[in-house]
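K.L.:
Below is the file entry_14.cif, with mmCIF, C-alpha atoms (C1' of nucleotides).
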```
data_final
#
loop_
_atom_site.label_atom_id
_atom_site.label_comp_id
_atom_site.auth_asym_id
_atom_site.auth_seq_id
_atom_site.Cartn_x
_atom_site.Cartn_y
_atom_site.Cartn_z
CA MET A 1 -151.10 46.40 242.21
CA PRO A 2 -151.47 50.11 242.90
CA ALA A 3 -155.09 49.74 244.06
CA ALA A 4 -156.24 52.32 241.51
CA PRO A 5 -158.43 55.27 242.55
CA VAL A 6 -161.71 53.42 242.35
CA ASP A 7 -164.28 56.06 241.73
CA GLN A 8 -166.12 56.39 238.50
CA PRO A 9 -166.55 53.04 236.88
CA GLU A 10 -167.41 53.49 233.26
CA HIS A 11 -171.01 52.88 232.39
CA ARG A 12 -171.03 52.08 228.72
CA SER A 13 -174.29 51.09 227.18
CA GLY A 14 -172.73 49.91 223.94
CA PRO A 15 -172.03 46.31 224.81
CA LEU A 16 -175.32 45.94 226.65
CA LEU A 17 -177.16 47.40 223.72
CA ASP A 18 -175.39 44.95 221.50
CA HIS A 19 -176.16 42.04 223.76
CA LEU A 20 -179.84 42.77 224.19
CA ALA A 21 -180.33 43.63 220.55
CA ARG A 22 -178.93 40.26 219.64
CA ARG A 23 -181.14 38.40 222.06
CA MET A 24 -184.11 40.35 220.83
CA ARG A 25 -183.25 39.74 217.20
CA ILE A 26 -183.03 36.02 217.72
CA ARG A 27 -186.35 35.92 219.51
CA SER A 28 -187.94 38.17 216.95
CA GLU A 29 -186.88 36.14 213.98
CA SER A 30 -189.25 33.28 214.66
CA VAL A 31 -192.12 35.66 215.32
CA LEU A 32 -191.44 37.69 212.21
CA THR A 33 -190.92 34.86 209.77
CA PRO A 34 -194.63 34.03 209.46
CA LEU A 35 -195.15 37.65 208.47
CA GLY A 36 -192.51 37.37 205.79
CA LEU A 37 -190.29 39.91 207.49
CA ARG A 38 -186.76 39.99 208.81
CA PRO A 39 -185.52 41.99 211.75
CA ARG A 40 -183.77 44.43 209.48
CA HIS A 41 -186.98 45.05 207.60
CA LEU A 42 -188.56 46.05 210.86
CA VAL A 43 -185.73 48.41 211.57
CA ALA A 44 -186.14 50.04 208.19
CA LEU A 45 -189.90 50.28 208.52
CA THR A 46 -189.62 51.77 211.99
CA VAL A 47 -187.14 54.35 210.79
CA LEU A 48 -189.34 55.15 207.83
CA ARG A 49 -192.39 55.64 209.98
CA ASP A 50 -190.50 58.12 212.11
CA ALA A 51 -188.65 59.83 209.32
CA GLY A 52 -191.51 60.29 206.88
CA GLY A 53 -190.62 60.57 203.23
CA ILE A 54 -186.87 60.70 202.91
CA SER A 55 -184.49 59.97 200.10
CA GLN A 56 -182.73 56.66 199.84
CA ARG A 57 -179.45 58.38 200.38
CA ASP A 58 -180.65 59.80 203.68
CA LEU A 59 -182.13 56.48 204.62
CA ALA A 60 -178.80 54.85 203.96
CA GLY A 61 -177.22 57.49 206.19
CA THR A 62 -179.65 56.89 209.02
CA LEU A 63 -179.37 53.15 208.74
CA GLN A 64 -175.61 53.47 208.29
CA LEU A 65 -175.96 51.00 205.51
CA ASP A 66 -174.26 51.03 202.15
CA GLY A 67 -176.43 52.55 199.43
CA THR A 68 -176.34 49.51 197.22
CA ASN A 69 -177.68 47.35 200.01
CA VAL A 70 -180.45 49.80 200.78
CA VAL A 71 -181.62 49.27 197.23
CA GLY A 72 -182.02 45.58 197.88
CA LEU A 73 -183.71 46.15 201.19
CA LEU A 74 -186.20 48.53 199.62
CA ASN A 75 -186.78 46.15 196.75
CA ASP A 76 -187.96 43.60 199.29
CA LEU A 77 -190.20 46.05 201.05
CA GLU A 78 -191.60 47.52 197.88
CA ALA A 79 -192.28 44.10 196.41
CA ALA A 80 -194.31 43.38 199.52
CA GLY A 81 -196.14 46.64 199.07
CA LEU A 82 -195.01 47.98 202.41
CA VAL A 83 -193.09 50.89 201.02
CA GLU A 84 -193.33 53.19 198.06
CA ARG A 85 -190.66 54.87 196.00
CA ARG A 86 -191.73 58.11 194.41
CA ARG A 87 -189.59 60.39 192.33
CA SER A 88 -189.01 63.63 194.14
CA ALA A 89 -190.62 66.67 192.53
CA GLU A 90 -187.76 69.02 193.41
CA ASP A 91 -185.01 66.70 192.30
CA ARG A 92 -186.08 64.00 189.93
CA ARG A 93 -182.97 61.97 190.55
CA ARG A 94 -184.12 61.31 194.06
CA HIS A 95 -186.49 58.62 195.23
CA VAL A 96 -188.66 59.62 198.12
CA VAL A 97 -189.35 56.57 200.21
CA GLU A 98 -192.45 56.30 202.28
CA LEU A 99 -194.47 53.76 204.19
CA THR A 100 -197.62 52.73 202.39
CA GLU A 101 -200.81 52.35 204.35
CA HIS A 102 -200.38 48.63 204.07
CA GLY A 103 -196.85 49.05 205.34
CA ALA A 104 -197.99 50.97 208.39
CA THR A 105 -200.60 48.37 209.16
CA ARG A 106 -198.14 45.58 208.70
CA LEU A 107 -195.59 47.29 210.87
CA ASN A 108 -198.19 47.60 213.57
CA GLU A 109 -199.12 43.96 213.29
CA ALA A 110 -195.49 43.03 213.52
CA GLU A 111 -195.08 45.16 216.61
CA CYS A 112 -197.99 43.41 218.22
CA ALA A 113 -196.43 40.08 217.40
CA LEU A 114 -193.14 41.24 218.84
CA ALA A 115 -194.70 41.63 222.25
CA VAL A 116 -193.82 38.01 222.91
CA ALA A 117 -190.18 38.50 222.10
CA GLU A 118 -190.04 41.64 224.14
CA ASP A 119 -191.65 40.02 227.16
CA ASP A 120 -189.01 37.42 226.92
CA VAL A 121 -185.99 39.66 226.62
CA LEU A 122 -187.16 42.60 228.68
CA GLY A 123 -188.92 40.46 231.24
CA ALA A 124 -186.93 41.93 234.10
CA LEU A 125 -188.37 45.38 233.50
CA GLU A 126 -191.84 46.47 234.48
CA ALA A 127 -194.20 48.20 232.11
CA GLY A 128 -193.24 51.70 233.21
CA GLU A 129 -189.56 50.98 232.84
CA ARG A 130 -190.05 49.54 229.41
CA GLU A 131 -191.84 52.66 228.37
CA THR A 132 -188.97 54.73 229.70
CA LEU A 133 -186.55 52.56 227.80
CA TYR A 134 -188.58 52.95 224.65
CA THR A 135 -188.69 56.71 225.03
CA LEU A 136 -184.96 56.96 225.57
CA LEU A 137 -184.17 54.72 222.63
CA ARG A 138 -186.50 56.66 220.42
CA ARG A 139 -185.03 59.99 221.43
CA ALA A 140 -181.52 58.71 220.89
CA SER A 141 -182.50 57.27 217.56
CA ALA A 142 -184.15 60.45 216.36
CA GLY A 143 -181.27 62.57 217.59
CA ALA A 144 -178.64 60.49 215.90
CA ALA A 145 -180.78 60.21 212.81
CA GLY A 146 -178.92 61.80 209.94
CA SER A 147 -175.79 62.09 212.02
CA CYS A 148 -175.79 65.77 212.88
CA ALA A 149 -172.05 66.00 212.51
CA GLN A 150 -172.30 64.98 208.91
CA ALA A 151 -175.29 67.19 208.25
CA VAL A 152 -173.37 70.14 209.61
CA ALA A 153 -170.39 69.26 207.49
CA ASP A 154 -172.65 69.28 204.49
CA GLY A 155 -173.89 72.71 205.48
CA ALA A 156 -177.36 71.29 205.97
CA ASP A 157 -179.48 72.16 208.97
CA ALA A 158 -181.47 69.02 209.66
CA CYS A 159 -180.47 68.89 213.30
CA GLY A 160 -182.92 70.75 215.45
CA GLU A 161 -186.12 68.79 215.55
CA ALA A 162 -187.25 65.45 214.12
CA ALA A 163 -187.95 64.36 217.67
CA THR A 164 -191.43 64.38 219.10
CA ASP A 165 -194.32 63.93 216.75
CA GLU A 166 -197.07 61.53 217.66
CA VAL A 167 -197.04 57.99 216.44
CA ASP A 168 -200.26 57.78 214.55
CA SER A 169 -200.52 54.44 212.85
CA ALA A 170 -203.51 52.23 213.51
CA GLY A 171 -203.01 50.98 217.02
CA ASN A 172 -205.12 47.94 217.56
CA CYS A 173 -203.89 44.50 218.54
CA MET B 1 -209.70 54.36 204.88
CA PRO B 2 -211.68 53.39 207.99
CA ALA B 3 -209.70 55.69 210.27
CA ALA B 4 -208.97 52.81 212.65
CA PRO B 5 -209.50 53.09 216.41
CA VAL B 6 -206.26 54.92 217.10
CA ASP B 7 -205.50 54.27 220.69
CA GLN B 8 -202.56 52.28 221.86
CA PRO B 9 -199.80 52.40 219.34
CA GLU B 10 -197.33 49.64 219.99
CA HIS B 11 -194.09 50.72 221.55
CA ARG B 12 -191.61 48.07 220.65
CA SER B 13 -188.04 48.62 221.62
CA GLY B 14 -186.71 45.78 219.53
CA PRO B 15 -186.13 47.55 216.24
CA LEU B 16 -184.79 50.64 217.99
CA LEU B 17 -182.45 48.51 220.03
CA ASP B 18 -181.30 46.89 216.84
CA HIS B 19 -180.82 50.17 215.09
CA LEU B 20 -178.86 51.85 217.85
CA ALA B 21 -176.79 48.78 218.56
CA ARG B 22 -175.76 48.72 214.95
CA ARG B 23 -174.81 52.38 214.90
CA MET B 24 -172.91 51.92 218.11
CA ARG B 25 -171.14 48.84 216.85
CA ILE B 26 -169.97 50.59 213.72
CA ARG B 27 -168.66 53.54 215.69
CA SER B 28 -167.08 51.29 218.28
CA GLU B 29 -165.20 49.19 215.82
CA SER B 30 -162.69 51.88 214.93
CA VAL B 31 -162.15 52.75 218.57
CA LEU B 32 -161.73 49.14 219.60
CA THR B 33 -159.42 48.01 216.82
CA PRO B 34 -156.32 49.69 218.29
CA LEU B 35 -157.00 47.72 221.46
CA GLY B 36 -157.14 44.49 219.49
CA LEU B 37 -160.76 43.94 220.39
CA ARG B 38 -163.99 43.45 218.50
CA PRO B 39 -167.43 44.52 219.61
CA ARG B 40 -168.39 40.97 220.38
CA HIS B 41 -165.37 40.58 222.62
CA LEU B 42 -166.61 43.55 224.59
CA VAL B 43 -170.01 41.97 224.92
CA ALA B 44 -168.49 38.78 226.23
CA LEU B 45 -166.20 40.59 228.65
CA THR B 46 -169.06 42.70 229.95
CA VAL B 47 -171.20 39.66 230.50
CA LEU B 48 -168.35 37.89 232.22
CA ARG B 49 -167.70 40.78 234.55
CA ASP B 50 -171.32 40.72 235.62
CA ALA B 51 -171.74 36.97 235.73
CA GLY B 52 -168.59 36.05 237.57
CA GLY B 53 -167.21 32.57 237.02
CA ILE B 54 -169.67 30.66 234.91
CA SER B 55 -169.37 27.61 232.71
CA GLN B 56 -168.96 27.92 228.98
CA ARG B 57 -172.30 26.30 228.51
CA ASP B 58 -173.99 28.95 230.62
CA LEU B 59 -172.04 31.63 228.86
CA ALA B 60 -173.23 30.28 225.55
CA GLY B 61 -176.76 30.40 226.92
CA THR B 62 -176.44 33.98 228.07
CA LEU B 63 -174.82 35.08 224.85
CA GLN B 64 -177.27 32.95 222.88
CA LEU B 65 -174.36 31.79 220.87
CA ASP B 66 -173.62 28.30 219.68
CA GLY B 67 -171.24 26.44 221.95
CA THR B 68 -168.68 25.75 219.27
CA ASN B 69 -168.43 29.43 218.51
CA VAL B 70 -168.03 30.33 222.16
CA VAL B 71 -164.94 28.15 222.13
CA GLY B 72 -163.40 30.29 219.44
CA LEU B 73 -164.40 33.50 221.13
CA LEU B 74 -162.85 32.38 224.40
CA ASN B 75 -159.74 31.20 222.60
CA ASP B 76 -159.26 34.76 221.41
CA LEU B 77 -159.82 36.23 224.83
CA GLU B 78 -157.67 33.69 226.62
CA ALA B 79 -154.85 34.11 224.13
CA ALA B 80 -154.94 37.81 224.95
CA GLY B 81 -154.86 36.98 228.65
CA LEU B 82 -158.16 38.69 229.31
CA VAL B 83 -159.96 35.61 230.44
CA GLU B 84 -159.12 32.41 232.21
CA ARG B 85 -160.51 28.92 231.87
CA ARG B 86 -160.31 26.84 235.01
CA ARG B 87 -161.59 23.34 235.44
CA SER B 88 -164.46 23.27 237.86
CA ALA B 89 -163.75 21.45 241.12
CA GLU B 90 -167.27 20.05 241.40
CA ASP B 91 -167.50 18.87 237.84
CA ARG B 92 -164.22 18.45 236.10
CA ARG B 93 -165.85 18.42 232.70
CA ARG B 94 -166.75 22.02 233.11
CA HIS B 95 -164.59 25.03 232.41
CA VAL B 96 -165.21 27.93 234.71
CA VAL B 97 -164.58 31.14 232.81
CA GLU B 98 -163.53 34.27 234.55
CA LEU B 99 -162.11 37.67 233.81
CA THR B 100 -158.45 37.99 234.68
CA GLU B 101 -157.22 41.11 236.37
CA HIS B 102 -155.72 42.14 233.08
CA GLY B 103 -159.06 41.49 231.46
CA ALA B 104 -160.89 43.72 233.91
CA THR B 105 -158.38 46.49 233.37
CA ARG B 106 -158.57 46.13 229.64
CA LEU B 107 -162.33 46.14 229.71
CA ASN B 108 -162.23 49.33 231.66
CA GLU B 109 -159.83 50.92 229.22
CA ALA B 110 -162.05 49.89 226.38
CA GLU B 111 -165.06 51.40 228.08
CA CYS B 112 -163.21 54.65 228.49
CA ALA B 113 -162.34 54.61 224.82
CA LEU B 114 -165.93 53.90 223.94
CA ALA B 115 -166.99 57.22 225.38
CA VAL B 116 -166.40 58.75 221.98
CA ALA B 117 -168.67 56.31 220.22
CA GLU B 118 -171.30 56.72 222.85
CA ASP B 119 -171.22 60.48 222.68
CA ASP B 120 -171.77 60.13 219.02
CA VAL B 121 -174.66 57.71 219.06
CA LEU B 122 -176.32 58.76 222.29
CA GLY B 123 -175.66 62.43 221.74
CA ALA B 124 -179.33 63.33 222.00
CA LEU B 125 -179.49 62.14 225.60
CA GLU B 126 -178.16 64.02 228.57
CA ALA B 127 -175.91 62.47 231.18
CA GLY B 128 -178.75 61.58 233.53
CA GLU B 129 -180.75 59.97 230.80
CA ARG B 130 -177.78 57.95 229.65
CA GLU B 131 -177.31 56.69 233.15
CA THR B 132 -180.98 55.71 233.26
CA LEU B 133 -180.59 53.94 229.96
CA TYR B 134 -177.55 52.12 231.21
CA THR B 135 -179.34 51.03 234.35
CA LEU B 136 -182.32 49.74 232.44
CA LEU B 137 -180.19 47.87 229.95
CA ARG B 138 -178.17 46.35 232.71
CA ARG B 139 -181.20 45.24 234.65
CA ALA B 140 -182.77 43.76 231.54
CA SER B 141 -179.54 42.05 230.67
CA ALA B 142 -179.10 40.56 234.13
CA GLY B 143 -182.72 39.49 234.30
CA ALA B 144 -182.66 37.79 230.94
CA ALA B 145 -179.28 36.28 231.69
CA GLY B 146 -179.70 32.53 231.81
CA SER B 147 -183.21 32.82 230.43
CA CYS B 148 -185.33 32.32 233.51
CA ALA B 149 -187.80 30.21 231.63
CA GLN B 150 -185.11 27.71 230.85
CA ALA B 151 -183.69 27.83 234.37
CA VAL B 152 -187.13 27.07 235.75
CA ALA B 153 -187.55 24.26 233.30
CA ASP B 154 -184.28 22.83 234.56
CA GLY B 155 -185.60 23.04 238.09
CA ALA B 156 -182.93 25.59 238.95
CA ASP B 157 -183.70 28.72 240.91
CA ALA B 158 -181.34 31.30 239.47
CA CYS B 159 -184.08 33.82 238.80
CA GLY B 160 -184.60 36.05 241.78
CA GLU B 161 -181.60 38.27 242.05
CA ALA B 162 -178.45 38.69 239.94
CA ALA B 163 -179.46 42.29 239.54
CA THR B 164 -177.92 45.01 241.63
CA ASP B 165 -174.41 44.56 242.86
CA GLU B 166 -171.91 47.35 242.49
CA VAL B 167 -169.60 47.58 239.54
CA ASP B 168 -166.23 47.48 241.18
CA SER B 169 -163.54 47.41 238.54
CA ALA B 170 -160.84 50.02 238.59
CA GLY B 171 -162.57 53.13 237.42
CA ASN B 172 -160.00 55.63 236.21
CA CYS B 173 -159.83 57.11 232.74
"C1'" DG C 1 -167.82 -1.34 235.90
"C1'" DT C 2 -169.88 -0.47 231.93
"C1'" DA C 3 -173.24 2.51 229.15
"C1'" DG C 4 -174.96 6.68 228.15
"C1'" DA C 5 -175.29 11.51 228.91
"C1'" DT C 6 -172.81 15.88 229.31
"C1'" DG C 7 -169.08 19.72 228.79
"C1'" DG C 8 -165.70 21.00 225.86
"C1'" DT C 9 -162.85 20.96 221.55
"C1'" DT C 10 -161.70 20.69 216.61
"C1'" DT C 11 -162.71 20.84 211.91
"C1'" DG C 12 -165.48 21.45 208.55
"C1'" DT C 13 -169.70 23.51 205.53
"C1'" DG C 14 -172.94 26.83 204.40
"C1'" DA C 15 -175.96 30.81 204.81
"C1'" DA C 16 -176.84 35.72 205.74
"C1'" DG C 17 -175.53 40.47 206.14
"C1'" DC C 18 -172.76 43.47 204.65
"C1'" DA C 19 -168.96 46.60 202.40
"C1'" DC C 20 -166.95 47.68 198.34
"C1'" DC C 21 -166.06 48.03 193.27
"C1'" DA C 22 -167.42 48.93 188.55
"C1'" DA C 23 -170.50 50.13 185.16
"C1'" DC C 24 -174.61 52.34 183.90
"C1'" DC C 25 -178.87 55.66 183.39
"C1'" DA C 26 -181.36 59.93 184.58
"C1'" DT C 27 -180.99 64.28 186.19
"C1'" DT C 28 -179.10 68.37 188.12
"C1'" DT C 29 -175.52 71.91 188.55
"C1'" DA C 30 -171.61 74.52 187.00
"C1'" DT D 1 -171.69 70.56 177.37
"C1'" DA D 2 -169.06 68.55 181.30
"C1'" DA D 3 -169.02 67.22 185.93
"C1'" DA D 4 -171.40 65.66 189.94
"C1'" DT D 5 -175.22 63.27 192.18
"C1'" DG D 6 -179.04 59.70 193.23
"C1'" DG D 7 -180.24 55.37 192.11
"C1'" DT D 8 -179.67 50.64 190.10
"C1'" DT D 9 -177.48 46.24 188.88
"C1'" DG D 10 -174.16 42.64 189.26
"C1'" DG D 11 -170.26 40.84 191.24
"C1'" DT D 12 -166.63 39.73 194.88
"C1'" DG D 13 -165.19 38.84 199.33
"C1'" DC D 14 -165.18 39.20 204.38
"C1'" DT D 15 -167.18 38.27 208.88
"C1'" DT D 16 -170.25 36.23 211.89
"C1'" DC D 17 -172.65 33.04 212.80
"C1'" DA D 18 -175.46 28.04 212.98
"C1'" DC D 19 -175.07 23.38 212.40
"C1'" DA D 20 -172.97 18.72 211.88
"C1'" DA D 21 -169.58 15.18 212.85
"C1'" DA D 22 -166.13 13.16 215.38
"C1'" DC D 23 -163.57 13.12 219.48
"C1'" DC D 24 -161.84 13.20 224.61
"C1'" DA D 25 -162.71 13.62 229.57
"C1'" DT D 26 -165.80 13.15 233.00
"C1'" DC D 27 -169.96 12.28 235.40
"C1'" DT D 28 -174.28 9.50 236.44
"C1'" DA D 29 -177.07 5.50 236.62
"C1'" DC D 30 -177.79 0.95 236.34
#
```
Show me, as structure tokens, the structure contained in the file I just sent.
P.N.:
Amino acid sequence: MPAAPVDQPEHRSGPLLDHLARRMRIRSESVLTPLGLRPRHLVALTVLRDAGGISQRDLAGTLQLDGTNVVGLLNDLEAAGLVERRRSAEDRRRHVVELTEHGATRLNEAECALAVAEDDVLGALEAGERETLYTLLRRASAGAAGSCAQAVADGADACGEAATDEVDSAGNC
Amino acid sequence: MPAAPVDQPEHRSGPLLDHLARRMRIRSESVLTPLGLRPRHLVALTVLRDAGGISQRDLAGTLQLDGTNVVGLLNDLEAAGLVERRRSAEDRRRHVVELTEHGATRLNEAECALAVAEDDVLGALEAGERETLYTLLRRASAGAAGSCAQAVADGADACGEAATDEVDSAGNC
DNA sequence: GTAGATGGTTTGTGAAGCACCAACCATTTA
DNA sequence: TAAATGGTTGGTGCTTCACAAACCATCTAC
């Protein structure tokens, strides 16, 4: 073997992300079940809290989920009163989706409950590191939100911000 | 509404991890297909590179995957010559699984190819931040590896280290 | 040495998550 | 008025799993 110029080993986060997400999801499931939620509900709620009132189409884009399946997901959440569909004033075809107050509270409760799962999966990291991780994930998530590339292609301009507003839901465990 | 004592909003990485992993997986799929790999193969290969020669049982534990399904996964990888099953000398029931040289090379190629997907999903982060993210994920992954809790329960002592050895596969894109 | 536990394998079965298609209504835009 | 668009419903099918059952090889304990 030609002993290859060993310099810059690739550092891809993808597989690690995948791996940890899976571990976390498995742990989370048992914690979430008593609350009547599934991991994907949490994902949707989290996205909705960050994204404010967006259309289902945009939500589908952010979630990278087929539109028809978003309908079902939202049906669940709306039936539980965690989310609200309102017709948009500007375009009455659109549904503006938003967290209800109950939804925000419930999301917060769920996050508290998830502490156990997180301790388990992220146990090797100290508090400060976990916070760093959270910040990075959140930034990445916000940045990738509507997929800028696509937004640009559409001639839209939803790229610049969407990043750093305060999380303001009730924060008591 | 009672305006709740807004202090410590929960910062749970779980849902974000889930969200980003999904986005990444979707992006990765198209990049990986030409290489005849699936995202979950990459996860397994990555884990195997880090974990060295471990038994299938331990691999199943790390992957949190049912043993019977690990068999199928390894069948794929072995058929492609990326992985090798050897009978353990100490316990001939056990199969010691290890990356072949070809497997390491292929993993590296795949990681190079994944740059595109990563740029796409992690676009909001700069190079330094991505490296930080990678480091954190890797540490978390290594720490959670065999699930320390379980290892302790078994009376084993595989908790302390497993963290920071150099990645040493051929690193040329 | 024999019994029972353990690691691995095969062959199912079934559930969940999801993409995709088709048809449909309400609304907006051309 | 004719597309195009956002949302909804219902259906099909694929993939990824968990779980069960039956089996072989091997190890451990009695």
K.L.:
For the contact check between chain A and chain C, emit one row per residue of chain A within 12 Å, containing the shortest atom pair and the distance in Å rounded to one decimal, counting all atoms listed in the file, chain then rising number order, as JSON lines.
P.N.:
```
{"residue": "A:Arg38", "atom": "CA", "partner": "C:DA16", "partner_atom": "C1'", "distance": 11.2}
{"residue": "A:Pro39", "atom": "CA", "partner": "C:DG17", "partner_atom": "C1'", "distance": 11.6}
{"residue": "A:Arg40", "atom": "CA", "partner": "C:DG17", "partner_atom": "C1'", "distance": 9.7}
{"residue": "A:Gln64", "atom": "CA", "partner": "C:DC18", "partner_atom": "C1'", "distance": 11.0}
{"residue": "A:Leu65", "atom": "CA", "partner": "C:DC18", "partner_atom": "C1'", "distance": 8.2}
{"residue": "A:Asp66", "atom": "CA", "partner": "C:DA19", "partner_atom": "C1'", "distance": 6.9}
{"residue": "A:Gly67", "atom": "CA", "partner": "C:DA19", "partner_atom": "C1'", "distance": 10.0}
{"residue": "A:Thr68", "atom": "CA", "partner": "C:DA19", "partner_atom": "C1'", "distance": 9.5}
{"residue": "A:Asn69", "atom": "CA", "partner": "C:DC18", "partner_atom": "C1'", "distance": 7.8}
{"residue": "A:Val70", "atom": "CA", "partner": "C:DC18", "partner_atom": "C1'", "distance": 10.7}
{"residue": "A:Gly72", "atom": "CA", "partner": "C:DC18", "partner_atom": "C1'", "distance": 11.7}
{"residue": "A:Leu73", "atom": "CA", "partner": "C:DG17", "partner_atom": "C1'", "distance": 11.1}
{"residue": "A:Arg87", "atom": "CA", "partner": "C:DT27", "partner_atom": "C1'", "distance": 11.3}
{"residue": "A:Ser88", "atom": "CA", "partner": "C:DT27", "partner_atom": "C1'", "distance": 11.3}
{"residue": "A:Ala89", "atom": "CA", "partner": "C:DT27", "partner_atom": "C1'", "distance": 11.8}
{"residue": "A:Glu90", "atom": "CA", "partner": "C:DT28", "partner_atom": "C1'", "distance": 10.2}
{"residue": "A:Asp91", "atom": "CA", "partner": "C:DT28", "partner_atom": "C1'", "distance": 7.4}
{"residue": "A:Arg92", "atom": "CA", "partner": "C:DT27", "partner_atom": "C1'", "distance": 6.3}
{"residue": "A:Arg93", "atom": "CA", "partner": "C:DT27", "partner_atom": "C1'", "distance": 5.3}
{"residue": "A:Arg94", "atom": "CA", "partner": "C:DT27", "partner_atom": "C1'", "distance": 9.0}
{"residue": "A:His95", "atom": "CA", "partner": "C:DA26", "partner_atom": "C1'", "distance": 11.9}
```
K.L.:
With the file shown as input, list the residues that the PyMOL selection byres ((chain A and resi 124) around 8) selects, as a short mmCIF file (atom, residue, chain, number, x, y, z; two decimals) with C-alpha atoms, in the coordinates of the input.
P.N.:
```
data_model
loop_
_atom_site.label_atom_id
_atom_site.label_comp_id
_atom_site.auth_asym_id
_atom_site.auth_seq_id
_atom_site.Cartn_x
_atom_site.Cartn_y
_atom_site.Cartn_z
CA VAL A 121 -185.99 39.66 226.62
CA LEU A 122 -187.16 42.60 228.68
CA GLY A 123 -188.92 40.46 231.24
CA LEU A 125 -188.37 45.38 233.50
CA GLU A 126 -191.84 46.47 234.48
CA ARG B 139 -181.20 45.24 234.65
CA ALA B 140 -182.77 43.76 231.54
CA ALA B 142 -179.10 40.56 234.13
CA GLY B 143 -182.72 39.49 234.30
CA ALA B 144 -182.66 37.79 230.94
#
```
K.L.:
Would you list the contacts of Arg49 (chain B) as a PyMOL selection string, taking every protein, DNA or RNA residue within 8 Å and counting all atoms listed in the file, but skipping same-chain residues closer than 3 positions in sequence?
P.N.:
chain B and resi 45-46+52+98-99+104
K.L.:
To one decimal in Å, tell me the separation between CA of Glu10 (chain A) and CA of Thr33 (chain B).
P.N.:
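Interatomic distance, CA of Glu10 (chain A) to CA of Thr33 (chain B): 19.1 Å.
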K.L.:
To test your reading of the syntax: which residues would the PyMOL selection byres ((chain D) within 12 of (chain B)) return for the file shown? Reply as a list of chain:residue names.
P.N.:
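So the PyMOL selection byres ((chain D) within 12 of (chain B)), applied here, picks out D:DT15, D:DT16, D:DC17, D:DA18, D:DC19, D:DA20, D:DC24, D:DA25, D:DT26, D:DC27, D:DT28.
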K.L.:
Go ahead and write the selection's residues with C-alpha atoms (C1' of nucleotides) as a tab-separated table (two decimals), in the coordinates of the input.
P.N.:
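Output file result-v1.tsv is given in full below:
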```tsv
chain	number	residue	atom	x	y	z
D	15	DT	C1'	-167.18	38.27	208.88
D	16	DT	C1'	-170.25	36.23	211.89
D	17	DC	C1'	-172.65	33.04	212.80
D	18	DA	C1'	-175.46	28.04	212.98
D	19	DC	C1'	-175.07	23.38	212.40
D	20	DA	C1'	-172.97	18.72	211.88
D	24	DC	C1'	-161.84	13.20	224.61
D	25	DA	C1'	-162.71	13.62	229.57
D	26	DT	C1'	-165.80	13.15	233.00
D	27	DC	C1'	-169.96	12.28	235.40
D	28	DT	C1'	-174.28	9.50	236.44
```
K.L.:
Select, from B:Ala127, B:Leu35, B:Val97, B:Met24, the residue with the minimum atom-to-atom distance to Ala51 (chain B), counting all atoms listed in the file.
P.N.:
B:Val97
K.L.:
For region 60-67 of chain A, where the input has fewer atoms than it should, I would like N, CA, C and O atoms rebuilt and written as a PDB file, keeping the file's coordinate frame.
P.N.:
```
ATOM      1  N   ALA A  60    -180.057  55.583 203.833  1.00  0.00           N
ATOM      2  CA  ALA A  60    -178.800  54.850 203.960  1.00  0.00           C
ATOM      3  C   ALA A  60    -177.958  55.475 205.078  1.00  0.00           C
ATOM      4  O   ALA A  60    -177.328  54.765 205.862  1.00  0.00           O
ATOM      5  N   GLY A  61    -177.970  56.803 205.154  1.00  0.00           N
ATOM      6  CA  GLY A  61    -177.220  57.490 206.190  1.00  0.00           C
ATOM      7  C   GLY A  61    -177.751  57.144 207.578  1.00  0.00           C
ATOM      8  O   GLY A  61    -176.981  56.834 208.490  1.00  0.00           O
ATOM      9  N   THR A  62    -179.043  57.188 207.726  1.00  0.00           N
ATOM     10  CA  THR A  62    -179.650  56.890 209.020  1.00  0.00           C
ATOM     11  C   THR A  62    -179.401  55.454 209.434  1.00  0.00           C
ATOM     12  O   THR A  62    -179.057  55.166 210.572  1.00  0.00           O
ATOM     13  N   LEU A  63    -179.560  54.572 208.470  1.00  0.00           N
ATOM     14  CA  LEU A  63    -179.370  53.150 208.740  1.00  0.00           C
ATOM     15  C   LEU A  63    -177.881  52.801 208.826  1.00  0.00           C
ATOM     16  O   LEU A  63    -177.532  51.700 209.240  1.00  0.00           O
ATOM     17  N   GLN A  64    -177.037  53.727 208.406  1.00  0.00           N
ATOM     18  CA  GLN A  64    -175.610  53.470 208.290  1.00  0.00           C
ATOM     19  C   GLN A  64    -175.364  52.189 207.496  1.00  0.00           C
ATOM     20  O   GLN A  64    -174.647  51.291 207.930  1.00  0.00           O
ATOM     21  N   LEU A  65    -176.001  52.176 206.359  1.00  0.00           N
ATOM     22  CA  LEU A  65    -175.960  51.000 205.510  1.00  0.00           C
ATOM     23  C   LEU A  65    -175.492  51.477 204.142  1.00  0.00           C
ATOM     24  O   LEU A  65    -175.837  52.571 203.712  1.00  0.00           O
ATOM     25  N   ASP A  66    -174.724  50.660 203.467  1.00  0.00           N
ATOM     26  CA  ASP A  66    -174.260  51.030 202.150  1.00  0.00           C
ATOM     27  C   ASP A  66    -175.444  51.200 201.192  1.00  0.00           C
ATOM     28  O   ASP A  66    -176.399  50.423 201.217  1.00  0.00           O
ATOM     29  N   GLY A  67    -175.336  52.225 200.342  1.00  0.00           N
ATOM     30  CA  GLY A  67    -176.430  52.550 199.430  1.00  0.00           C
ATOM     31  C   GLY A  67    -176.903  51.386 198.596  1.00  0.00           C
ATOM     32  O   GLY A  67    -178.105  51.173 198.422  1.00  0.00           O
TER      33      GLY A  67
END
```
